[in-house]
Every structure is written in structure tokens, then in C-alpha cells.
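Structure data (PDB, C-alpha atoms and all ligand atoms) from input14.pdb:
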ATOM      1  CA  MET A  14      -4.423 -10.815 -17.379  1.00  0.00           C
ATOM      2  CA  PRO A  15      -7.697 -10.278 -15.545  1.00  0.00           C
ATOM      3  CA  ILE A  16      -8.114  -7.751 -12.765  1.00  0.00           C
ATOM      4  CA  ILE A  17      -8.711  -9.645  -9.519  1.00  0.00           C
ATOM      5  CA  ALA A  18     -11.062  -8.015  -7.020  1.00  0.00           C
ATOM      6  CA  PRO A  19     -11.449 -10.054  -3.824  1.00  0.00           C
ATOM      7  CA  SER A  20     -14.743  -9.359  -2.042  1.00  0.00           C
ATOM      8  CA  LEU A  21     -14.102  -8.513   1.614  1.00  0.00           C
ATOM      9  CA  LEU A  22     -17.635  -9.684   2.411  1.00  0.00           C
ATOM     10  CA  SER A  23     -16.147 -13.161   2.847  1.00  0.00           C
ATOM     11  CA  ALA A  24     -13.234 -11.923   4.971  1.00  0.00           C
ATOM     12  CA  ASN A  25     -12.845 -12.514   8.702  1.00  0.00           C
ATOM     13  CA  PHE A  26     -13.959  -9.202  10.184  1.00  0.00           C
ATOM     14  CA  LEU A  27     -12.363  -9.996  13.527  1.00  0.00           C
ATOM     15  CA  GLN A  28      -9.066  -9.788  11.665  1.00  0.00           C
ATOM     16  CA  LEU A  29      -9.927  -7.208   9.068  1.00  0.00           C
ATOM     17  CA  GLU A  30      -6.567  -5.459   9.169  1.00  0.00           C
ATOM     18  CA  GLU A  31      -4.726  -8.764   8.699  1.00  0.00           C
ATOM     19  CA  GLU A  32      -6.973  -9.657   5.789  1.00  0.00           C
ATOM     20  CA  CYS A  33      -6.237  -6.282   4.146  1.00  0.00           C
ATOM     21  CA  LYS A  34      -2.492  -6.729   4.652  1.00  0.00           C
ATOM     22  CA  MET A  35      -2.713 -10.164   3.111  1.00  0.00           C
ATOM     23  CA  LEU A  36      -4.418  -8.661   0.035  1.00  0.00           C
ATOM     24  CA  ASN A  37      -1.768  -5.938  -0.131  1.00  0.00           C
ATOM     25  CA  HIS A  38       0.914  -8.603  -0.349  1.00  0.00           C
ATOM     26  CA  SER A  39      -0.979 -10.590  -2.958  1.00  0.00           C
ATOM     27  CA  GLN A  40      -1.625 -10.080  -6.652  1.00  0.00           C
ATOM     28  CA  ALA A  41      -5.082  -8.691  -5.899  1.00  0.00           C
ATOM     29  CA  ASP A  42      -5.689  -5.551  -7.945  1.00  0.00           C
ATOM     30  CA  TRP A  43      -8.806  -4.111  -6.367  1.00  0.00           C
ATOM     31  CA  PHE A  44     -10.599  -4.371  -3.020  1.00  0.00           C
ATOM     32  CA  HIS A  45     -14.262  -5.146  -3.766  1.00  0.00           C
ATOM     33  CA  LEU A  46     -16.466  -3.734  -1.000  1.00  0.00           C
ATOM     34  CA  ASP A  47     -20.110  -4.847  -0.850  1.00  0.00           C
ATOM     35  CA  VAL A  48     -22.493  -2.396   0.783  1.00  0.00           C
ATOM     36  CA  MET A  49     -26.007  -3.721   1.545  1.00  0.00           C
ATOM     37  CA  ASP A  50     -28.960  -1.877   3.057  1.00  0.00           C
ATOM     38  CA  GLY A  51     -31.458  -4.637   3.902  1.00  0.00           C
ATOM     39  CA  ARG A  52     -33.937  -3.064   1.457  1.00  0.00           C
ATOM     40  CA  PHE A  53     -32.537  -3.408  -2.031  1.00  0.00           C
ATOM     41  CA  VAL A  54     -31.119  -6.783  -0.990  1.00  0.00           C
ATOM     42  CA  PRO A  55     -32.221  -9.117   1.835  1.00  0.00           C
ATOM     43  CA  ASN A  56     -29.055  -8.568   3.855  1.00  0.00           C
ATOM     44  CA  ILE A  57     -27.161  -5.820   5.669  1.00  0.00           C
ATOM     45  CA  SER A  58     -23.379  -5.598   5.483  1.00  0.00           C
ATOM     46  CA  PHE A  59     -21.438  -2.405   6.196  1.00  0.00           C
ATOM     47  CA  GLY A  60     -21.320   1.259   5.259  1.00  0.00           C
ATOM     48  CA  PRO A  61     -18.935   4.193   4.758  1.00  0.00           C
ATOM     49  CA  MET A  62     -17.296   3.851   8.168  1.00  0.00           C
ATOM     50  CA  ILE A  63     -15.864   0.411   7.392  1.00  0.00           C
ATOM     51  CA  VAL A  64     -14.872   1.533   3.892  1.00  0.00           C
ATOM     52  CA  GLU A  65     -12.927   4.381   5.486  1.00  0.00           C
ATOM     53  CA  PHE A  66     -11.053   1.971   7.787  1.00  0.00           C
ATOM     54  CA  ILE A  67     -10.244  -0.362   4.899  1.00  0.00           C
ATOM     55  CA  ARG A  68      -9.091   2.591   2.776  1.00  0.00           C
ATOM     56  CA  LYS A  69      -6.471   3.400   5.414  1.00  0.00           C
ATOM     57  CA  THR A  70      -4.889  -0.041   5.026  1.00  0.00           C
ATOM     58  CA  THR A  71      -4.296   0.042   1.281  1.00  0.00           C
ATOM     59  CA  THR A  72      -3.299   2.029  -1.772  1.00  0.00           C
ATOM     60  CA  LYS A  73      -5.051  -0.456  -4.063  1.00  0.00           C
ATOM     61  CA  VAL A  74      -8.251   0.536  -5.860  1.00  0.00           C
ATOM     62  CA  CYS A  75     -11.316   0.528  -3.612  1.00  0.00           C
ATOM     63  CA  ASP A  76     -14.187  -0.737  -5.739  1.00  0.00           C
ATOM     64  CA  VAL A  77     -17.407  -0.062  -3.824  1.00  0.00           C
ATOM     65  CA  HIS A  78     -20.509  -1.997  -4.902  1.00  0.00           C
ATOM     66  CA  LEU A  79     -23.636  -0.318  -3.551  1.00  0.00           C
ATOM     67  CA  MET A  80     -26.588  -2.666  -3.172  1.00  0.00           C
ATOM     68  CA  ILE A  81     -28.752   0.078  -1.733  1.00  0.00           C
ATOM     69  CA  GLU A  82     -31.810   2.148  -2.584  1.00  0.00           C
ATOM     70  CA  GLN A  83     -31.380   5.883  -3.190  1.00  0.00           C
ATOM     71  CA  PRO A  84     -27.595   5.728  -3.593  1.00  0.00           C
ATOM     72  CA  GLU A  85     -27.583   9.490  -4.288  1.00  0.00           C
ATOM     73  CA  ASN A  86     -27.975  10.045  -0.550  1.00  0.00           C
ATOM     74  CA  PHE A  87     -24.647   8.327   0.144  1.00  0.00           C
ATOM     75  CA  ALA A  88     -22.384   9.013  -2.861  1.00  0.00           C
ATOM     76  CA  GLU A  89     -20.583  11.889  -1.160  1.00  0.00           C
ATOM     77  CA  GLN A  90     -20.020   9.885   2.024  1.00  0.00           C
ATOM     78  CA  PHE A  91     -18.435   7.074   0.048  1.00  0.00           C
ATOM     79  CA  LYS A  92     -16.238   9.563  -1.809  1.00  0.00           C
ATOM     80  CA  ASN A  93     -15.096  10.956   1.536  1.00  0.00           C
ATOM     81  CA  ALA A  94     -14.525   7.406   2.792  1.00  0.00           C
ATOM     82  CA  GLY A  95     -12.071   6.901  -0.073  1.00  0.00           C
ATOM     83  CA  ALA A  96     -13.965   4.995  -2.781  1.00  0.00           C
ATOM     84  CA  ASP A  97     -12.244   5.044  -6.180  1.00  0.00           C
ATOM     85  CA  ILE A  98     -15.034   3.313  -8.076  1.00  0.00           C
ATOM     86  CA  LEU A  99     -18.668   3.646  -7.045  1.00  0.00           C
ATOM     87  CA  THR A 100     -21.143   1.207  -8.564  1.00  0.00           C
ATOM     88  CA  VAL A 101     -24.905   1.604  -8.291  1.00  0.00           C
ATOM     89  CA  HIS A 102     -27.613  -0.850  -9.313  1.00  0.00           C
ATOM     90  CA  TYR A 103     -29.605  -0.263 -12.481  1.00  0.00           C
ATOM     91  CA  GLU A 104     -32.677  -1.609 -10.665  1.00  0.00           C
ATOM     92  CA  ALA A 105     -32.270   0.851  -7.762  1.00  0.00           C
ATOM     93  CA  CYS A 106     -31.990   4.041  -9.824  1.00  0.00           C
ATOM     94  CA  THR A 107     -34.980   5.768 -11.388  1.00  0.00           C
ATOM     95  CA  HIS A 108     -32.681   8.539 -12.638  1.00  0.00           C
ATOM     96  CA  LEU A 109     -29.603   6.513 -13.432  1.00  0.00           C
ATOM     97  CA  ASN A 110     -28.040   9.139 -15.673  1.00  0.00           C
ATOM     98  CA  ARG A 111     -28.240  11.650 -12.819  1.00  0.00           C
ATOM     99  CA  ASN A 112     -26.664   9.152 -10.394  1.00  0.00           C
ATOM    100  CA  ILE A 113     -23.780   8.622 -12.795  1.00  0.00           C
ATOM    101  CA  GLN A 114     -23.275  12.371 -13.262  1.00  0.00           C
ATOM    102  CA  GLN A 115     -23.167  12.789  -9.499  1.00  0.00           C
ATOM    103  CA  ILE A 116     -20.521  10.065  -9.082  1.00  0.00           C
ATOM    104  CA  LYS A 117     -18.363  11.515 -11.870  1.00  0.00           C
ATOM    105  CA  ASN A 118     -18.731  15.051 -10.531  1.00  0.00           C
ATOM    106  CA  LEU A 119     -17.504  13.816  -7.169  1.00  0.00           C
ATOM    107  CA  GLY A 120     -14.359  12.580  -8.928  1.00  0.00           C
ATOM    108  CA  MET A 121     -14.939   8.825  -8.791  1.00  0.00           C
ATOM    109  CA  GLN A 122     -15.193   6.252 -11.548  1.00  0.00           C
ATOM    110  CA  ALA A 123     -18.777   5.163 -12.083  1.00  0.00           C
ATOM    111  CA  GLY A 124     -20.143   1.661 -12.428  1.00  0.00           C
ATOM    112  CA  VAL A 125     -23.578   0.183 -13.046  1.00  0.00           C
ATOM    113  CA  ALA A 126     -24.496  -3.254 -11.712  1.00  0.00           C
ATOM    114  CA  ILE A 127     -27.269  -5.395 -13.158  1.00  0.00           C
ATOM    115  CA  ASN A 128     -29.103  -8.282 -11.530  1.00  0.00           C
ATOM    116  CA  PRO A 129     -29.265 -11.674 -13.251  1.00  0.00           C
ATOM    117  CA  HIS A 130     -32.740 -10.962 -14.670  1.00  0.00           C
ATOM    118  CA  THR A 131     -31.791  -7.586 -16.175  1.00  0.00           C
ATOM    119  CA  SER A 132     -30.891  -7.570 -19.873  1.00  0.00           C
ATOM    120  CA  VAL A 133     -27.540  -6.059 -20.843  1.00  0.00           C
ATOM    121  CA  HIS A 134     -29.343  -4.281 -23.683  1.00  0.00           C
ATOM    122  CA  LEU A 135     -30.942  -1.933 -21.153  1.00  0.00           C
ATOM    123  CA  LEU A 136     -27.442  -0.464 -20.668  1.00  0.00           C
ATOM    124  CA  GLU A 137     -27.247   0.741 -24.286  1.00  0.00           C
ATOM    125  CA  ASP A 138     -27.838   4.418 -23.445  1.00  0.00           C
ATOM    126  CA  ILE A 139     -25.786   4.630 -20.247  1.00  0.00           C
ATOM    127  CA  LEU A 140     -22.763   2.699 -21.515  1.00  0.00           C
ATOM    128  CA  PRO A 141     -20.865   5.692 -22.981  1.00  0.00           C
ATOM    129  CA  TYR A 142     -21.014   7.466 -19.606  1.00  0.00           C
ATOM    130  CA  ILE A 143     -19.696   4.728 -17.337  1.00  0.00           C
ATOM    131  CA  ASP A 144     -16.359   3.108 -16.564  1.00  0.00           C
ATOM    132  CA  LEU A 145     -17.586  -0.306 -15.454  1.00  0.00           C
ATOM    133  CA  VAL A 146     -20.477  -2.728 -15.698  1.00  0.00           C
ATOM    134  CA  CYS A 147     -20.845  -5.132 -12.799  1.00  0.00           C
ATOM    135  CA  LEU A 148     -22.644  -8.153 -14.157  1.00  0.00           C
ATOM    136  CA  MET A 149     -24.196 -10.051 -11.258  1.00  0.00           C
ATOM    137  CA  SER A 150     -23.870 -13.784 -11.797  1.00  0.00           C
ATOM    138  CA  VAL A 151     -25.832 -14.539  -8.604  1.00  0.00           C
ATOM    139  CA  ASN A 152     -28.760 -12.751  -6.994  1.00  0.00           C
ATOM    140  CA  PRO A 153     -27.059 -10.104  -4.865  1.00  0.00           C
ATOM    141  CA  GLY A 154     -27.136 -10.266  -1.093  1.00  0.00           C
ATOM    142  CA  PHE A 155     -24.853 -13.095  -0.082  1.00  0.00           C
ATOM    143  CA  GLY A 156     -21.427 -14.536  -0.756  1.00  0.00           C
ATOM    144  CA  GLY A 157     -20.912 -18.195  -1.544  1.00  0.00           C
ATOM    145  CA  GLN A 158     -23.758 -18.710  -4.007  1.00  0.00           C
ATOM    146  CA  LYS A 159     -23.703 -20.743  -7.200  1.00  0.00           C
ATOM    147  CA  PHE A 160     -22.757 -19.083 -10.507  1.00  0.00           C
ATOM    148  CA  ILE A 161     -25.744 -18.710 -12.862  1.00  0.00           C
ATOM    149  CA  PRO A 162     -24.535 -20.252 -16.179  1.00  0.00           C
ATOM    150  CA  GLN A 163     -26.628 -17.920 -18.366  1.00  0.00           C
ATOM    151  CA  SER A 164     -24.307 -15.106 -17.270  1.00  0.00           C
ATOM    152  CA  ILE A 165     -21.746 -16.288 -19.838  1.00  0.00           C
ATOM    153  CA  GLU A 166     -24.046 -15.334 -22.693  1.00  0.00           C
ATOM    154  CA  LYS A 167     -24.662 -11.935 -21.099  1.00  0.00           C
ATOM    155  CA  ILE A 168     -20.916 -11.262 -20.859  1.00  0.00           C
ATOM    156  CA  LYS A 169     -20.552 -12.048 -24.573  1.00  0.00           C
ATOM    157  CA  GLN A 170     -23.447  -9.759 -25.503  1.00  0.00           C
ATOM    158  CA  LEU A 171     -22.078  -6.941 -23.367  1.00  0.00           C
ATOM    159  CA  ARG A 172     -18.559  -7.267 -24.764  1.00  0.00           C
ATOM    160  CA  LYS A 173     -20.002  -7.072 -28.252  1.00  0.00           C
ATOM    161  CA  MET A 174     -21.979  -3.939 -27.347  1.00  0.00           C
ATOM    162  CA  CYS A 175     -18.815  -2.294 -25.999  1.00  0.00           C
ATOM    163  CA  ASN A 176     -16.769  -3.308 -29.029  1.00  0.00           C
ATOM    164  CA  ASP A 177     -19.424  -2.032 -31.430  1.00  0.00           C
ATOM    165  CA  LYS A 178     -19.344   1.347 -29.670  1.00  0.00           C
ATOM    166  CA  GLY A 179     -15.545   1.403 -29.406  1.00  0.00           C
ATOM    167  CA  LEU A 180     -15.739   1.494 -25.601  1.00  0.00           C
ATOM    168  CA  HIS A 181     -13.213   0.040 -23.160  1.00  0.00           C
ATOM    169  CA  THR A 182     -15.664  -0.289 -20.295  1.00  0.00           C
ATOM    170  CA  HIS A 183     -14.613  -2.766 -17.609  1.00  0.00           C
ATOM    171  CA  ILE A 184     -16.817  -5.843 -17.472  1.00  0.00           C
ATOM    172  CA  GLU A 185     -16.775  -7.130 -13.920  1.00  0.00           C
ATOM    173  CA  VAL A 186     -18.361 -10.459 -13.046  1.00  0.00           C
ATOM    174  CA  ASP A 187     -19.608 -10.789  -9.493  1.00  0.00           C
ATOM    175  CA  GLY A 188     -20.885 -13.934  -7.798  1.00  0.00           C
ATOM    176  CA  GLY A 189     -19.876 -17.570  -7.748  1.00  0.00           C
ATOM    177  CA  VAL A 190     -16.569 -17.070  -9.565  1.00  0.00           C
ATOM    178  CA  ASN A 191     -14.292 -20.072  -9.009  1.00  0.00           C
ATOM    179  CA  PHE A 192     -11.347 -21.917 -10.562  1.00  0.00           C
ATOM    180  CA  GLU A 193     -13.699 -23.993 -12.727  1.00  0.00           C
ATOM    181  CA  ASN A 194     -15.559 -21.136 -14.409  1.00  0.00           C
ATOM    182  CA  ALA A 195     -13.017 -18.281 -14.383  1.00  0.00           C
ATOM    183  CA  ALA A 196     -11.421 -19.133 -17.750  1.00  0.00           C
ATOM    184  CA  GLN A 197     -14.788 -19.273 -19.470  1.00  0.00           C
ATOM    185  CA  ILE A 198     -15.763 -15.923 -17.915  1.00  0.00           C
ATOM    186  CA  ILE A 199     -12.590 -14.282 -19.224  1.00  0.00           C
ATOM    187  CA  GLN A 200     -12.946 -15.862 -22.654  1.00  0.00           C
ATOM    188  CA  ALA A 201     -16.494 -14.526 -22.862  1.00  0.00           C
ATOM    189  CA  GLY A 202     -15.083 -11.000 -22.498  1.00  0.00           C
ATOM    190  CA  ALA A 203     -14.946 -10.076 -18.802  1.00  0.00           C
ATOM    191  CA  ASP A 204     -11.811  -8.359 -17.508  1.00  0.00           C
ATOM    192  CA  VAL A 205     -12.569  -8.091 -13.771  1.00  0.00           C
ATOM    193  CA  LEU A 206     -13.204 -11.105 -11.549  1.00  0.00           C
ATOM    194  CA  VAL A 207     -14.785 -10.556  -8.142  1.00  0.00           C
ATOM    195  CA  ALA A 208     -14.134 -13.465  -5.801  1.00  0.00           C
ATOM    196  CA  GLY A 209     -15.306 -13.849  -2.228  1.00  0.00           C
ATOM    197  CA  ASN A 210     -15.384 -17.433  -1.071  1.00  0.00           C
ATOM    198  CA  THR A 211     -12.875 -18.597  -3.674  1.00  0.00           C
ATOM    199  CA  VAL A 212     -10.306 -16.291  -2.069  1.00  0.00           C
ATOM    200  CA  PHE A 213     -11.200 -16.133   1.612  1.00  0.00           C
ATOM    201  CA  LYS A 214     -12.580 -19.591   2.390  1.00  0.00           C
ATOM    202  CA  VAL A 215      -9.482 -21.498   1.342  1.00  0.00           C
ATOM    203  CA  GLU A 216      -6.263 -22.492   3.072  1.00  0.00           C
ATOM    204  CA  ASN A 217      -4.031 -20.127   1.099  1.00  0.00           C
ATOM    205  CA  PRO A 218      -5.761 -16.943  -0.148  1.00  0.00           C
ATOM    206  CA  VAL A 219      -2.577 -15.452  -1.662  1.00  0.00           C
ATOM    207  CA  GLN A 220      -2.147 -18.550  -3.771  1.00  0.00           C
ATOM    208  CA  ALA A 221      -5.832 -18.574  -4.749  1.00  0.00           C
ATOM    209  CA  ILE A 222      -5.484 -14.988  -5.980  1.00  0.00           C
ATOM    210  CA  ALA A 223      -2.343 -15.889  -7.943  1.00  0.00           C
ATOM    211  CA  GLN A 224      -4.186 -18.805  -9.511  1.00  0.00           C
ATOM    212  CA  LEU A 225      -7.096 -16.578 -10.596  1.00  0.00           C
ATOM    213  CA  LYS A 226      -4.645 -13.993 -11.906  1.00  0.00           C
ATOM    214  CA  SER A 227      -2.866 -16.545 -14.083  1.00  0.00           C
ATOM    215  CA  ILE A 228      -6.062 -17.755 -15.768  1.00  0.00           C
TER     216      ILE A 228
HETATM  217  C1  LIG B 301     -23.015 -10.576  -3.615  1.00  0.00           C
HETATM  218  C2  LIG B 301     -21.807  -9.678  -3.634  1.00  0.00           C
HETATM  219  C3  LIG B 301     -20.589 -10.380  -4.109  1.00  0.00           C
HETATM  220  C4  LIG B 301     -20.181 -11.537  -3.228  1.00  0.00           C
HETATM  221  C5  LIG B 301     -19.283 -12.454  -4.004  1.00  0.00           C
HETATM  222  O1  LIG B 301     -24.144  -9.845  -3.324  1.00  0.00           O
HETATM  223  O2  LIG B 301     -22.011  -8.581  -4.495  1.00  0.00           O
HETATM  224  O3  LIG B 301     -19.509  -9.479  -4.291  1.00  0.00           O
HETATM  225  O4  LIG B 301     -19.566 -11.133  -2.050  1.00  0.00           O
HETATM  226  O5  LIG B 301     -18.990 -13.574  -3.213  1.00  0.00           O
HETATM  227  P1  LIG B 301     -18.708 -15.005  -3.865  1.00  0.00           P
HETATM  228  O6  LIG B 301     -17.519 -14.842  -4.757  1.00  0.00           O
HETATM  229  O7  LIG B 301     -18.456 -15.883  -2.706  1.00  0.00           O
HETATM  230  O8  LIG B 301     -19.927 -15.382  -4.650  1.00  0.00           O
HETATM  231 ZN    ZN B 302     -20.232  -7.288  -5.125  1.00  0.00          ZN
END

Kindly return the structure encoded in the file as C-alpha cells.
Ligand code: DX5
Ligand code: ZN
Amino acid sequence: MPIIAPSLLSANFLQLEEECKMLNHSQADWFHLDVMDGRFVPNISFGPMIVEFIRKTTTKVCDVHLMIEQPENFAEQFKNAGADILTVHYEACTHLNRNIQQIKNLGMQAGVAINPHTSVHLLEDILPYIDLVCLMSVNPGFGGQKFIPQSIEKIKQLRKMCNDKGLHTHIEVDGGVNFENAAQIIQAGADVLVAGNTVFKVENPVQAIAQLKSI
């Protein structure tokens, strides 16, 4: 069964505590928290303070997706805020190996995210050091965008790379995941589904999560 990671970016922030409680009572596995700096991506979301508040509401895994430049300046703050997994962008890190070492040394799991235009083959040398690849299936910055179909091929390629190396790295797909494409995404080799609008912009989020979980 896939790991379901609802993205709080699509939640109602006026009722953030209620939204977190709802996730706690659902089959959601992880809380996916999207941090944006207005530089790496054309949007600003929230930072460590909000992550810290969310952390207090749940014992589920806090999966923090940093869409920021110079993530090394904030890794410790996100650790202190309670992040379990910290994901940085390949495109934002000149010294990616150093960023990953820093995250691991701080005691978190480390992830690397790649934009839709970035080849999975560029991850060849970092793959043995990381716990998760976040494969962006939209251009990062906003929830509610359309899934880029070419992502399916990338998932297959990445799963093959992991298999060939005997690695059990999580493959997380982020952006435009819905009931129509989720099965294909899992079949291609992903094991973590991020879902923003598909979970939060529907009548019954708990049921939507259950439906994704049963795919
Ligand atoms: C996009 C974020 C995603 C986004 C997913 O930059 O990284 O996590 O919130 O939202 P949906 O599922 O609505 O595309
Ligand atoms: Zn994300």
C-alpha cells in the first residue's frame, strides 16, 4: 500500500488545528509540509514556526519539502521545529552531498527533490546517501496544477536505478496526483503519494485519503 502524504499547502489555515486532527484520524501516513522562499520558487508559503505548530498536533511523520535557496542556513531550524524528513532541491544545491551530510548529521532522514526538467540520472551519485527522492510532477510553487505525464517514465527510470543498486529509497511523487493517475504512478514504482487538492478541496478528505490508500 502506498504511503499517503497530504500536502498542508492546500489546507484551510484558519482551521489548521482542525485540519491536522482530521489527518490524525485518517489513514494519512505523513504530513507533507511545503516551504517556499519566493526565490527558488515564485511563491512564499511558511517556515519553521508553522512547522513547529503542526508538529505539536501530530505524532505522524513530518515530511518537510524545502523549495528554498541555501537550505543549509535553515536545516537546523527545521530539525528543531520537529522535521523527520528534510528534502532539498537538486537545483538549489551547489554542494548537494554536503547538504545531505548536514541533514543526516542533524538526525533527520534526507530527501532530494528534482524539478520536471531535471533528469533522474543526475541522482546516480547521491542516491546511496539519501532516504527519499521527491519527483516533482508539476513545476513547484503552487498546489492544484496539472500532472505532467512524462513523470511516469521518470518514475520507472528511477525505480530501475534503485533496484539496480539494491536501494530501498522512497520514491515520492509530488504534484497533480489524483484518483485518475494514482494507480499508474504506483505501478510505475512510486511508493509515496503527495496530494494537496485531491485531499483538501473535496467534500470528505478522510474518505479521499482512504481511497488513495487503497489504490
Ligand atoms: C508544489 C508542492 C506540492 C503541492 C501539491 O510546489 O510541492 O506539494 O502542494 O499540491 P497538489 O496535489 O494540489 O498538486
Ligand atoms: Zn511538496

Residue IDs satisfying the PyMOL selection byres (((chain A and resi 66) around 12) and not hetatm), as a VMD selection string: chain A and resid 26 29 to 30 33 46 59 to 65 67 to 71 75 91 93 to 96

Within 7 Å of region 174-189 of chain A using all atoms listed in the file, minus same-chain residues under 6 positions, as a VMD selection string: chain A and resid 144 to 151 157 to 160 203 to 207

Point-to-point distance from CA of Pro162 (chain A) to CA of Gln40 (chain A), Å rounded to tenths: 26.8 Å

Which of A:His108, A:Lys173, A:Lys34, A:Lys117 sits closest to His134 (chain A) [using only C-alpha atoms]: A:Lys173

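Of the listed residues A:Ala41, A:Val190, A:Met121, A:Leu27, the one whose atoms come nearest to ligand ZN 302 (chain B) is A:Val190, with distances taken using all atoms listed in the file.
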